[in-house]
file my_file06.cif (mmCIF, C-alpha atoms)
data_query
loop_
_atom_site.group_PDB
_atom_site.id
_atom_site.type_symbol
_atom_site.label_atom_id
_atom_site.label_comp_id
_atom_site.auth_asym_id
_atom_site.auth_seq_id
_atom_site.Cartn_x
_atom_site.Cartn_y
_atom_site.Cartn_z
ATOM 1 C CA SER A 1 130.229 110.233 96.351
ATOM 2 C CA ALA A 2 128.409 108.780 99.339
ATOM 3 C CA CYS A 3 125.817 106.264 100.434
ATOM 4 C CA LEU A 4 122.740 107.738 102.066
ATOM 5 C CA GLY A 5 120.621 106.270 104.818
ATOM 6 C CA GLU A 6 116.926 105.839 104.165
ATOM 7 C CA GLY A 7 114.437 108.160 105.776
ATOM 8 C CA GLY A 8 114.704 111.807 106.696
ATOM 9 C CA GLY A 9 115.739 114.737 104.569
ATOM 10 C CA GLY A 10 113.602 113.572 101.677
ATOM 11 C CA ILE A 11 115.642 110.344 101.296
ATOM 12 C CA ASP A 12 113.594 107.221 100.547
ATOM 13 C CA ASP A 13 114.372 103.677 99.464
ATOM 14 C CA THR A 14 114.743 104.748 95.813
ATOM 15 C CA ILE A 15 117.780 106.946 96.591
ATOM 16 C CA SER A 16 120.757 105.246 98.246
ATOM 17 C CA SER A 17 123.780 106.931 96.666
ATOM 18 C CA ALA A 18 124.774 110.377 95.483
ATOM 19 C CA GLY A 19 127.757 112.437 94.384
ATOM 20 C CA TRP A 20 128.874 115.967 95.165
ATOM 21 C CA VAL A 21 131.599 118.236 93.820
ATOM 22 C CA VAL A 22 133.250 120.783 96.125
ATOM 23 C CA ARG A 23 134.353 124.028 94.427
ATOM 24 C CA ASP A 24 135.811 126.895 96.442
ATOM 25 C CA GLY A 25 134.784 125.089 99.602
ATOM 26 C CA VAL A 26 131.129 124.874 98.555
ATOM 27 C CA PRO A 27 129.631 121.413 97.825
ATOM 28 C CA SER A 28 127.203 121.104 94.925
ATOM 29 C CA LEU A 29 125.108 118.046 94.113
ATOM 30 C CA LEU A 30 126.244 116.234 90.953
ATOM 31 C CA PHE A 31 123.830 113.314 90.844
ATOM 32 C CA LEU A 32 121.404 111.255 92.896
ATOM 33 C CA MET A 33 120.619 107.615 92.275
ATOM 34 C CA GLY A 34 117.471 107.685 90.173
ATOM 35 C CA ASP A 35 118.278 111.017 88.516
ATOM 36 C CA PRO A 36 117.773 111.164 84.713
ATOM 37 C CA ALA A 37 120.982 110.187 82.903
ATOM 38 C CA PRO A 38 121.945 112.696 80.175
ATOM 39 C CA GLY A 39 122.177 111.256 76.669
ATOM 40 C CA THR A 40 119.678 108.473 77.302
ATOM 41 C CA ASP A 41 115.986 108.100 76.543
ATOM 42 C CA GLY A 42 114.565 108.036 80.044
ATOM 43 C CA GLY A 43 117.503 106.204 81.641
ATOM 44 C CA ALA A 44 118.305 106.774 85.329
ATOM 45 C CA PHE A 45 121.584 106.585 87.253
ATOM 46 C CA GLU A 46 122.294 103.689 89.574
ATOM 47 C CA SER A 47 125.884 104.696 90.279
ATOM 48 C CA LEU A 48 128.617 106.974 88.932
ATOM 49 C CA GLY A 49 132.268 106.877 90.007
ATOM 50 C CA VAL A 50 133.905 110.187 89.090
ATOM 51 C CA ARG A 51 137.366 111.720 88.842
ATOM 52 C CA LEU A 52 138.069 115.434 89.203
ATOM 53 C CA ASN A 53 140.416 117.191 86.777
ATOM 54 C CA GLY A 54 142.487 120.336 87.251
ATOM 55 C CA ALA A 55 139.750 122.483 85.723
ATOM 56 C CA GLY A 56 137.234 121.441 88.372
ATOM 57 C CA GLU A 57 135.190 119.213 86.053
ATOM 58 C CA VAL A 58 134.413 115.531 86.597
ATOM 59 C CA ALA A 59 134.230 112.399 84.463
ATOM 60 C CA GLY A 60 133.680 108.754 85.231
ATOM 61 C CA ALA A 61 132.186 105.405 84.373
ATOM 62 C CA GLY A 62 128.635 104.826 85.531
ATOM 63 C CA ARG A 63 125.842 102.306 85.583
ATOM 64 C CA LEU A 64 122.142 102.807 84.855
ATOM 65 C CA GLN A 65 119.142 101.199 86.504
ATOM 66 C CA ARG A 66 117.890 98.180 84.588
ATOM 67 C CA ASP A 67 114.662 98.415 82.587
ATOM 68 C CA VAL A 68 114.233 102.159 83.131
ATOM 69 C CA GLY A 69 113.647 104.141 79.935
ATOM 70 C CA ASP A 70 115.769 102.754 77.103
ATOM 71 C CA THR A 71 118.086 100.877 79.481
ATOM 72 C CA THR A 72 118.629 97.129 79.151
ATOM 73 C CA ASN A 73 120.988 94.767 80.920
ATOM 74 C CA THR A 74 123.581 95.178 78.150
ATOM 75 C CA ASN A 75 123.510 98.950 77.470
ATOM 76 C CA ARG A 76 123.430 100.154 81.085
ATOM 77 C CA PHE A 77 127.137 101.075 81.216
ATOM 78 C CA GLY A 78 128.583 104.396 80.082
ATOM 79 C CA ILE A 79 130.938 107.311 80.641
ATOM 80 C CA TRP A 80 129.691 110.763 81.579
ATOM 81 C CA ALA A 81 131.618 114.015 81.996
ATOM 82 C CA SER A 82 130.783 117.535 83.073
ATOM 83 C CA ARG A 83 131.352 120.772 81.206
ATOM 84 C CA ASP A 84 130.602 123.989 83.077
ATOM 85 C CA GLY A 85 129.129 121.808 85.798
ATOM 86 C CA GLU A 86 126.601 120.023 83.544
ATOM 87 C CA LEU A 87 126.893 116.276 82.946
ATOM 88 C CA GLY A 88 126.863 114.900 79.396
ATOM 89 C CA LEU A 89 127.181 111.419 77.897
ATOM 90 C CA ILE A 90 130.551 110.578 76.325
ATOM 91 C CA ALA A 91 130.192 106.876 75.450
ATOM 92 C CA ARG A 92 127.705 104.102 76.121
ATOM 93 C CA ALA A 93 127.551 100.324 75.849
ATOM 94 C CA GLU A 94 126.076 99.120 72.541
ATOM 95 C CA GLU A 95 127.334 102.262 70.794
ATOM 96 C CA ASN A 96 130.074 102.145 68.145
ATOM 97 C CA ALA A 97 133.621 101.554 69.397
ATOM 98 C CA PRO A 98 135.720 103.508 66.862
ATOM 99 C CA GLY A 99 138.571 101.638 65.240
ATOM 100 C CA VAL A 100 137.201 98.155 65.845
ATOM 101 C CA ASP A 101 134.368 96.327 64.122
ATOM 102 C CA GLY A 102 131.967 96.353 67.031
ATOM 103 C CA ASP A 103 130.257 98.172 69.908
ATOM 104 C CA PHE A 104 131.355 99.050 73.430
ATOM 105 C CA SER A 105 130.214 96.621 76.128
ATOM 106 C CA SER A 106 131.823 97.979 79.339
ATOM 107 C CA PHE A 107 134.180 100.692 80.606
ATOM 108 C CA ASP A 108 136.874 101.208 83.248
ATOM 109 C CA GLY A 109 140.062 103.123 84.006
ATOM 110 C CA VAL A 110 138.834 106.660 83.271
ATOM 111 C CA VAL A 111 141.499 109.426 83.310
ATOM 112 C CA PHE A 112 140.338 113.039 82.869
ATOM 113 C CA ALA A 113 142.752 115.795 81.745
ATOM 114 C CA SER A 114 142.264 119.520 82.362
ATOM 115 C CA SER A 115 141.939 119.958 78.585
ATOM 116 C CA GLY A 116 138.691 117.977 78.708
ATOM 117 C CA ASN A 117 140.231 114.943 76.997
ATOM 118 C CA ILE A 118 139.249 111.604 78.542
ATOM 119 C CA ALA A 119 141.264 108.404 78.225
ATOM 120 C CA PHE A 120 139.508 105.185 79.171
ATOM 121 C CA GLY A 121 139.816 101.440 79.045
ATOM 122 C CA ALA A 122 136.918 99.513 77.582
ATOM 123 C CA ARG A 123 135.754 96.210 76.182
ATOM 124 C CA ALA A 124 133.952 95.822 72.882
ATOM 125 C CA ASP A 125 131.895 93.098 71.256
ATOM 126 C CA THR A 126 133.791 92.384 68.010
ATOM 127 C CA PRO A 127 134.398 89.481 65.596
ATOM 128 C CA VAL A 128 137.699 88.892 67.446
ATOM 129 C CA SER A 129 136.013 88.454 70.817
ATOM 130 C CA SER A 130 132.902 89.457 72.729
ATOM 131 C CA GLN A 131 135.314 91.055 75.234
ATOM 132 C CA THR A 132 137.900 92.765 73.003
ATOM 133 C CA ARG A 133 139.992 94.905 75.363
ATOM 134 C CA GLY A 134 141.335 98.299 74.311
ATOM 135 C CA VAL A 135 142.056 101.920 75.153
ATOM 136 C CA TRP A 136 140.224 104.885 73.633
ATOM 137 C CA VAL A 137 140.443 108.649 74.073
ATOM 138 C CA TYR A 138 137.700 111.264 73.855
ATOM 139 C CA LEU A 139 139.107 114.383 72.182
ATOM 140 C CA ALA A 140 137.167 117.339 73.572
ATOM 141 C CA SER A 141 138.336 119.843 70.942
ATOM 142 C CA VAL A 142 136.711 117.860 68.121
ATOM 143 C CA ASP A 143 134.035 116.013 70.163
ATOM 144 C CA ARG A 144 135.251 112.640 68.912
ATOM 145 C CA ILE A 145 136.309 109.272 70.331
ATOM 146 C CA ALA A 146 139.366 107.615 68.779
ATOM 147 C CA LYS A 147 141.003 104.258 69.430
ATOM 148 C CA VAL A 148 144.518 104.229 70.871
ATOM 149 C CA VAL A 149 145.102 100.449 70.787
ATOM 150 C CA ALA A 150 143.069 97.243 71.051
ATOM 151 C CA VAL A 151 143.528 93.483 71.039
ATOM 152 C CA GLY A 152 144.161 92.318 67.487
ATOM 153 C CA ASP A 153 146.109 95.427 66.427
ATOM 154 C CA VAL A 154 149.534 95.018 64.866
ATOM 155 C CA VAL A 155 152.130 97.209 66.617
ATOM 156 C CA ASP A 156 155.684 98.058 65.601
ATOM 157 C CA VAL A 157 157.675 97.612 68.828
ATOM 158 C CA ASP A 158 160.990 98.853 67.422
ATOM 159 C CA PRO A 159 161.536 102.613 67.975
ATOM 160 C CA ASP A 160 163.821 102.799 64.933
ATOM 161 C CA PRO A 161 161.673 104.124 62.038
ATOM 162 C CA LEU A 162 163.863 102.178 59.583
ATOM 163 C CA VAL A 163 163.260 98.839 61.322
ATOM 164 C CA ASN A 164 159.907 97.038 61.509
ATOM 165 C CA ASP A 165 159.266 94.591 64.343
ATOM 166 C CA LEU A 166 155.549 93.930 64.004
ATOM 167 C CA ARG A 167 153.679 92.037 66.709
ATOM 168 C CA THR A 168 149.985 91.301 67.236
ATOM 169 C CA VAL A 169 148.451 92.593 70.474
ATOM 170 C CA SER A 170 146.882 89.856 72.595
ATOM 171 C CA GLY A 171 146.337 91.825 75.811
ATOM 172 C CA VAL A 172 145.877 95.455 76.897
ATOM 173 C CA GLU A 173 146.177 96.823 80.430
ATOM 174 C CA PHE A 174 145.054 100.349 81.250
ATOM 175 C CA THR A 175 143.553 101.102 84.642
ATOM 176 C CA ALA A 176 143.494 104.328 86.584
ATOM 177 C CA ASP A 177 144.790 102.485 89.651
ATOM 178 C CA GLY A 178 147.213 100.259 87.759
ATOM 179 C CA PHE A 179 150.857 101.296 87.413
ATOM 180 C CA ALA A 180 152.602 104.656 87.848
ATOM 181 C CA SER A 181 153.591 106.511 84.703
ATOM 182 C CA GLY A 182 155.528 109.451 86.125
ATOM 183 C CA LEU A 183 152.610 111.852 86.423
ATOM 184 C CA GLU A 184 153.816 115.178 87.818
ATOM 185 C CA ASP A 185 151.881 114.780 91.072
ATOM 186 C CA GLY A 186 153.170 111.237 91.614
ATOM 187 C CA LEU A 187 149.781 109.561 91.406
ATOM 188 C CA GLY A 188 149.761 106.011 90.070
ATOM 189 C CA VAL A 189 147.717 106.723 86.967
ATOM 190 C CA PRO A 190 148.654 105.842 83.377
ATOM 191 C CA ALA A 191 148.470 109.360 81.915
ATOM 192 C CA ASN A 192 149.711 112.916 82.276
ATOM 193 C CA GLU A 193 148.570 116.417 81.381
ATOM 194 C CA ALA A 194 150.925 116.482 78.387
ATOM 195 C CA GLY A 195 148.618 114.076 76.550
ATOM 196 C CA GLN A 196 150.642 110.901 77.015
ATOM 197 C CA LEU A 197 149.254 107.495 77.998
ATOM 198 C CA ALA A 198 151.193 104.540 79.385
ATOM 199 C CA VAL A 199 149.675 101.272 78.194
ATOM 200 C CA ALA A 200 150.858 97.750 79.036
ATOM 201 C CA LEU A 201 150.658 95.443 76.009
ATOM 202 C CA SER A 202 151.190 91.716 75.643
ATOM 203 C CA PHE A 203 151.664 89.989 72.308
ATOM 204 C CA GLY A 204 150.849 86.692 70.695
ATOM 205 C CA ASP A 205 154.480 85.553 70.809
ATOM 206 C CA GLY A 206 154.534 85.836 74.618
ATOM 207 C CA SER A 207 156.443 89.136 74.771
ATOM 208 C CA GLU A 208 155.129 92.172 76.629
ATOM 209 C CA GLY A 209 156.044 95.749 77.490
ATOM 210 C CA ILE A 210 154.856 99.215 78.482
ATOM 211 C CA PHE A 211 154.373 101.687 75.649
ATOM 212 C CA VAL A 212 153.642 105.416 75.600
ATOM 213 C CA ALA A 213 150.967 106.792 73.283
ATOM 214 C CA ASP A 214 151.024 110.537 72.612
ATOM 215 C CA TYR A 215 147.875 112.276 71.398
ATOM 216 C CA SER A 216 148.865 115.807 72.487
ATOM 217 C CA ALA A 217 149.231 117.039 68.890
ATOM 218 C CA VAL A 218 145.820 115.825 67.767
ATOM 219 C CA CYS A 219 143.583 118.709 66.711
ATOM 220 C CA TRP A 220 141.989 117.504 63.483
ATOM 221 C CA LEU A 221 138.620 115.863 63.200
ATOM 222 C CA ALA A 222 140.167 114.125 60.180
ATOM 223 C CA ASP A 223 143.197 112.716 62.039
ATOM 224 C CA PHE A 224 141.902 109.135 62.028
ATOM 225 C CA ASP A 225 145.063 107.517 63.383
ATOM 226 C CA ILE A 226 145.459 110.215 66.113
ATOM 227 C CA ASN A 227 149.163 110.713 65.424
ATOM 228 C CA GLY A 228 148.979 114.503 65.077
ATOM 229 C CA VAL A 229 149.727 114.379 61.333
ATOM 230 C CA LEU A 230 147.168 114.677 58.563
ATOM 231 C CA ASP A 231 148.285 112.411 55.729
ATOM 232 C CA LEU A 232 147.225 109.789 53.176
ATOM 233 C CA ASN A 233 146.725 107.202 55.901
ATOM 234 C CA ASP A 234 143.905 109.304 57.356
ATOM 235 C CA LEU A 235 142.360 109.735 53.904
ATOM 236 C CA GLN A 236 142.516 106.000 53.253
ATOM 237 C CA ARG A 237 140.903 105.215 56.596
ATOM 238 C CA PHE A 238 138.100 107.704 56.002
ATOM 239 C CA VAL A 239 137.413 106.476 52.459
ATOM 240 C CA SER A 240 137.435 102.850 53.606
ATOM 241 C CA GLY A 241 135.001 103.625 56.410
ATOM 242 C CA PHE A 242 132.785 105.749 54.176
ATOM 243 C CA LEU A 243 132.491 103.059 51.472
ATOM 244 C CA ALA A 244 131.688 100.455 54.117
ATOM 245 C CA GLY A 245 129.103 102.719 55.726
ATOM 246 C CA SER A 246 131.044 102.513 58.985
ATOM 247 C CA ARG A 247 130.020 104.754 61.869
ATOM 248 C CA ASP A 248 133.691 105.702 62.170
ATOM 249 C CA ALA A 249 133.144 107.854 59.047
ATOM 250 C CA GLU A 250 130.066 109.603 60.488
ATOM 251 C CA LEU A 251 131.662 112.981 61.204
ATOM 252 C CA ASP A 252 128.819 115.504 60.998
ATOM 253 C CA LYS A 253 126.776 114.022 63.872
ATOM 254 C CA THR A 254 123.634 113.360 61.793
ATOM 255 C CA GLY A 255 123.606 109.625 62.489
ATOM 256 C CA VAL A 256 123.869 108.803 58.774
ATOM 257 C CA VAL A 257 127.000 108.202 56.676
ATOM 258 C CA ASP A 258 126.499 110.407 53.620
ATOM 259 C CA LEU A 259 127.998 113.222 51.552
ATOM 260 C CA GLY A 260 127.727 115.521 54.558
ATOM 261 C CA ASP A 261 130.496 113.483 56.165
ATOM 262 C CA VAL A 262 132.672 113.944 53.075
ATOM 263 C CA ALA A 263 132.159 117.692 53.397
ATOM 264 C CA ALA A 264 133.028 117.511 57.106
ATOM 265 C CA PHE A 265 136.223 115.578 56.337
ATOM 266 C CA VAL A 266 137.289 117.983 53.600
ATOM 267 C CA GLY A 267 136.508 120.969 55.805
ATOM 268 C CA ALA A 268 138.560 119.498 58.648
ATOM 269 C CA CYS A 269 141.480 118.906 56.269
ATOM 270 C CA GLN A 270 141.346 122.474 55.033
ATOM 271 C CA ALA A 271 141.083 123.942 58.530
ATOM 272 C CA GLY A 272 144.111 122.105 59.882
ATOM 273 C CA CYS A 273 145.290 122.922 63.390
ATOM 274 C CA PRO A 274 144.232 126.176 65.051
#
call {"tool": "encode", "arguments": {"input": "my_file06.cif", "output": "structure tokens"}}
result
Amino acid sequence: SACLGEGGGGIDDTISSAGWVVRDGVPSLLFLMGDPAPGTDGGAFESLGVRLNGAGEVAGAGRLQRDVGDTTNTNRFGIWASRDGELGLIARAEENAPGVDGDFSSFDGVVFASSGNIAFGARADTPVSSQTRGVWVYLASVDRIAKVVAVGDVVDVDPDPLVNDLRTVSGVEFTADGFASGLEDGLGVPANEAGQLAVALSFGDGSEGIFVADYSAVCWLADFDINGVLDLNDLQRFVSGFLAGSRDAELDKTGVVDLGDVAAFVGACQAGCP
């Protein structure tokens, strides 16, 4: 990305920043400030900070110009990613934050894998807090966002499956420039291409630690707890969301929670992993 001087080359005072992607030594324009923002109703980019993955695609958190199209001061933040060089909206402020009772309010810490999966830190407006911090992942294979962990979750910190040491999360740290997690290229980012995320958690009792979440086995639309296993827990979560009319249960992309979502869930269960 770059800042552009005003005047000359068709640049005026409405365009002051832009982003390019270089593939095979050839730069191509990704966005200009003021360009239409995909997935919005007339919204326009103000800025977009992107990361390049191993497949040559980009993803990042961006900001829209206030009061342009459907953009307000509170829904102007989002995440966009490219596929075959074309940008598309992944998540936006004031849209449902899966796994918590609320909507996204802001985004940060975007990590983009070659598979197309996107891990990101975000805050959501929930009954717990107007700034509930958490980590989510966009699963490209099923076009779905799933929660990894958020403030208020209860986590078992004992690795022994026969021992339960349950603690309530009071803080979540996940930033792309935070701590190193042993990524193969040595970069200090909290993720790797194997589908693992390193997340720093603090708990209500004052304890804290770094935990690894693994979503590499996830390939079901119906895998609600993103643990790579389709079981009764996923069924219970879907049924609970469906009966409550939660957007988490809206699987067929119609915008309405109805019997079509039941069919989508059943179909996903029957299909299993490819």
call {"tool": "resolve_selection", "arguments": {"input": "my_file06.cif", "expression": "the PyMOL selection byres ((chain A and resi 148) around 7)", "output": "ChimeraX atom specification"}}
result
/A:135-137,146-147,149
call {"tool": "atom_distance", "arguments": {"input": "my_file06.cif", "atom1": "atom CA of A:Arg133", "atom2": "atom CA of A:Gly102"}}
result
11.7 Å
call {"tool": "resolve_selection", "arguments": {"input": "my_file06.cif", "expression": "the PyMOL selection byres ((chain A and resi 70-80) around 8)", "output": "number ranges by chain"}}
result
A: 40-43, 59-69, 81-82, 87-94, 105-107
call {"tool": "atom_distance", "arguments": {"input": "my_file06.cif", "atom1": "atom CA of A:Phe224", "atom2": "atom CA of A:Gly241"}}
result
10.5 Å
call {"tool": "atom_distance", "arguments": {"input": "my_file06.cif", "atom1": "atom CA of A:Glu193", "atom2": "atom CA of A:Ala222"}}
result
22.9 Å
call {"tool": "resolve_selection", "arguments": {"input": "my_file06.cif", "expression": "the PyMOL selection byres ((chain A and resi 167) around 12)", "output": "PyMOL selection string"}}
result
chain A and resi 151-158+164-166+168-171+201-209
call {"tool": "residues_around", "arguments": {"input": "my_file06.cif", "residues": "A:Ala119", "least_positions_apart": "3", "cutoff": "9 Å", "atoms": "all atoms listed in the file", "output": "VMD selection string"}}
result
chain A and resid 109 to 113 135 to 139 191 197
call {"tool": "closest_residue", "arguments": {"input": "my_file06.cif", "among": "A:Ala213, A:Ala122, A:Val257, A:Val199", "to": "A:Phe242", "atoms": "all atoms listed in the file"}}
result
A:Val257
call {"tool": "closest_residue", "arguments": {"input": "my_file06.cif", "among": "A:Ala268, A:Val26, A:Val100, A:Val50", "to": "A:Ser130", "atoms": "all atoms listed in the file"}}
result
A:Val100
call {"tool": "residues_near_point", "arguments": {"input": "my_file06.cif", "point": "(134.1, 104.1, 59.3)", "cutoff": "10 Å", "atoms": "all atoms listed in the file", "output": "PyMOL selection string"}}
result
chain A and resi 96+98-101+224+237-251+257
call {"tool": "write_last_selection", "arguments": {"input": "my_file06.cif", "atoms": "C-alpha atoms", "output": "mmCIF file, keeping the file's coordinate frame"}}
result
data_model
loop_
_atom_site.group_PDB
_atom_site.id
_atom_site.type_symbol
_atom_site.label_atom_id
_atom_site.label_comp_id
_atom_site.auth_asym_id
_atom_site.auth_seq_id
_atom_site.Cartn_x
_atom_site.Cartn_y
_atom_site.Cartn_z
ATOM 1 C CA ASN A 96 130.074 102.145 68.145
ATOM 2 C CA PRO A 98 135.720 103.508 66.862
ATOM 3 C CA GLY A 99 138.571 101.638 65.240
ATOM 4 C CA VAL A 100 137.201 98.155 65.845
ATOM 5 C CA ASP A 101 134.368 96.327 64.122
ATOM 6 C CA PHE A 224 141.902 109.135 62.028
ATOM 7 C CA ARG A 237 140.903 105.215 56.596
ATOM 8 C CA PHE A 238 138.100 107.704 56.002
ATOM 9 C CA VAL A 239 137.413 106.476 52.459
ATOM 10 C CA SER A 240 137.435 102.850 53.606
ATOM 11 C CA GLY A 241 135.001 103.625 56.410
ATOM 12 C CA PHE A 242 132.785 105.749 54.176
ATOM 13 C CA LEU A 243 132.491 103.059 51.472
ATOM 14 C CA ALA A 244 131.688 100.455 54.117
ATOM 15 C CA GLY A 245 129.103 102.719 55.726
ATOM 16 C CA SER A 246 131.044 102.513 58.985
ATOM 17 C CA ARG A 247 130.020 104.754 61.869
ATOM 18 C CA ASP A 248 133.691 105.702 62.170
ATOM 19 C CA ALA A 249 133.144 107.854 59.047
ATOM 20 C CA GLU A 250 130.066 109.603 60.488
ATOM 21 C CA LEU A 251 131.662 112.981 61.204
ATOM 22 C CA VAL A 257 127.000 108.202 56.676
#
call {"tool": "closest_residue", "arguments": {"input": "my_file06.cif", "among": "A:Val212, A:Leu52, A:Ala264, A:Val256", "to": "A:Ala200", "atoms": "all atoms listed in the file"}}
result
A:Val212
call {"tool": "decode", "arguments": {"input": "my_file06.cif", "residues": "stretch 243-259 of chain A", "atoms": "N, CA, C and O atoms", "output": "JSON list (two decimals), in the first residue's frame"}}
result
[["chain", "number", "residue", "atom", "x", "y", "z"],
["A", 243, "LEU", "N", -33.63, -23.16, 17.51],
["A", 243, "LEU", "CA", -34.82, -22.87, 18.31],
["A", 243, "LEU", "C", -34.82, -21.42, 18.80],
["A", 243, "LEU", "O", -35.89, -20.81, 18.97],
["A", 244, "ALA", "N", -33.63, -20.86, 18.99],
["A", 244, "ALA", "CA", -33.54, -19.47, 19.43],
["A", 244, "ALA", "C", -33.59, -18.49, 18.27],
["A", 244, "ALA", "O", -33.63, -17.28, 18.48],
["A", 245, "GLY", "N", -33.59, -19.03, 17.04],
["A", 245, "GLY", "CA", -33.56, -18.16, 15.87],
["A", 245, "GLY", "C", -32.23, -17.46, 15.69],
["A", 245, "GLY", "O", -32.15, -16.40, 15.05],
["A", 246, "SER", "N", -31.16, -18.05, 16.25],
["A", 246, "SER", "CA", -29.85, -17.43, 16.18],
["A", 246, "SER", "C", -29.29, -17.47, 14.77],
["A", 246, "SER", "O", -29.46, -18.44, 14.03],
["A", 247, "ARG", "N", -28.55, -16.41, 14.41],
["A", 247, "ARG", "CA", -27.93, -16.37, 13.09],
["A", 247, "ARG", "C", -26.81, -17.40, 12.96],
["A", 247, "ARG", "O", -26.38, -17.72, 11.86],
["A", 248, "ASP", "N", -26.35, -17.94, 14.09],
["A", 248, "ASP", "CA", -25.36, -19.01, 14.02],
["A", 248, "ASP", "C", -25.91, -20.23, 13.30],
["A", 248, "ASP", "O", -25.16, -21.02, 12.72],
["A", 249, "ALA", "N", -27.24, -20.42, 13.36],
["A", 249, "ALA", "CA", -27.89, -21.58, 12.74],
["A", 249, "ALA", "C", -28.32, -21.31, 11.31],
["A", 249, "ALA", "O", -28.93, -22.18, 10.67],
["A", 250, "GLU", "N", -28.00, -20.14, 10.77],
["A", 250, "GLU", "CA", -28.41, -19.78, 9.41],
["A", 250, "GLU", "C", -27.33, -20.28, 8.45],
["A", 250, "GLU", "O", -26.35, -19.60, 8.18],
["A", 251, "LEU", "N", -27.52, -21.51, 7.95],
["A", 251, "LEU", "CA", -26.47, -22.19, 7.19],
["A", 251, "LEU", "C", -26.63, -22.12, 5.68],
["A", 251, "LEU", "O", -25.68, -22.36, 4.95],
["A", 252, "ASP", "N", -27.83, -21.83, 5.19],
["A", 252, "ASP", "CA", -28.05, -21.88, 3.74],
["A", 252, "ASP", "C", -27.97, -20.51, 3.07],
["A", 252, "ASP", "O", -28.34, -20.36, 1.91],
["A", 253, "LYS", "N", -27.50, -19.51, 3.82],
["A", 253, "LYS", "CA", -27.20, -18.18, 3.26],
["A", 253, "LYS", "C", -28.43, -17.47, 2.68],
["A", 253, "LYS", "O", -28.30, -16.70, 1.73],
["A", 254, "THR", "N", -29.61, -17.73, 3.25],
["A", 254, "THR", "CA", -30.82, -17.03, 2.79],
["A", 254, "THR", "C", -31.13, -15.82, 3.65],
["A", 254, "THR", "O", -31.97, -15.01, 3.30],
["A", 255, "GLY", "N", -30.47, -15.71, 4.81],
["A", 255, "GLY", "CA", -30.74, -14.61, 5.72],
["A", 255, "GLY", "C", -31.86, -14.89, 6.69],
["A", 255, "GLY", "O", -32.18, -14.04, 7.53],
["A", 256, "VAL", "N", -32.47, -16.06, 6.60],
["A", 256, "VAL", "CA", -33.60, -16.43, 7.47],
["A", 256, "VAL", "C", -33.33, -17.81, 8.07],
["A", 256, "VAL", "O", -32.88, -18.72, 7.37],
["A", 257, "VAL", "N", -33.57, -17.95, 9.37],
["A", 257, "VAL", "CA", -33.43, -19.25, 10.03],
["A", 257, "VAL", "C", -34.72, -20.03, 9.84],
["A", 257, "VAL", "O", -35.77, -19.66, 10.38],
["A", 258, "ASP", "N", -34.67, -21.09, 9.01],
["A", 258, "ASP", "CA", -35.87, -21.85, 8.70],
["A", 258, "ASP", "C", -35.51, -23.30, 8.41],
["A", 258, "ASP", "O", -34.39, -23.73, 8.65],
["A", 259, "LEU", "N", -36.48, -24.05, 7.87],
["A", 259, "LEU", "CA", -36.26, -25.47, 7.61],
["A", 259, "LEU", "C", -35.16, -25.70, 6.57],
["A", 259, "LEU", "O", -34.56, -26.78, 6.53]]
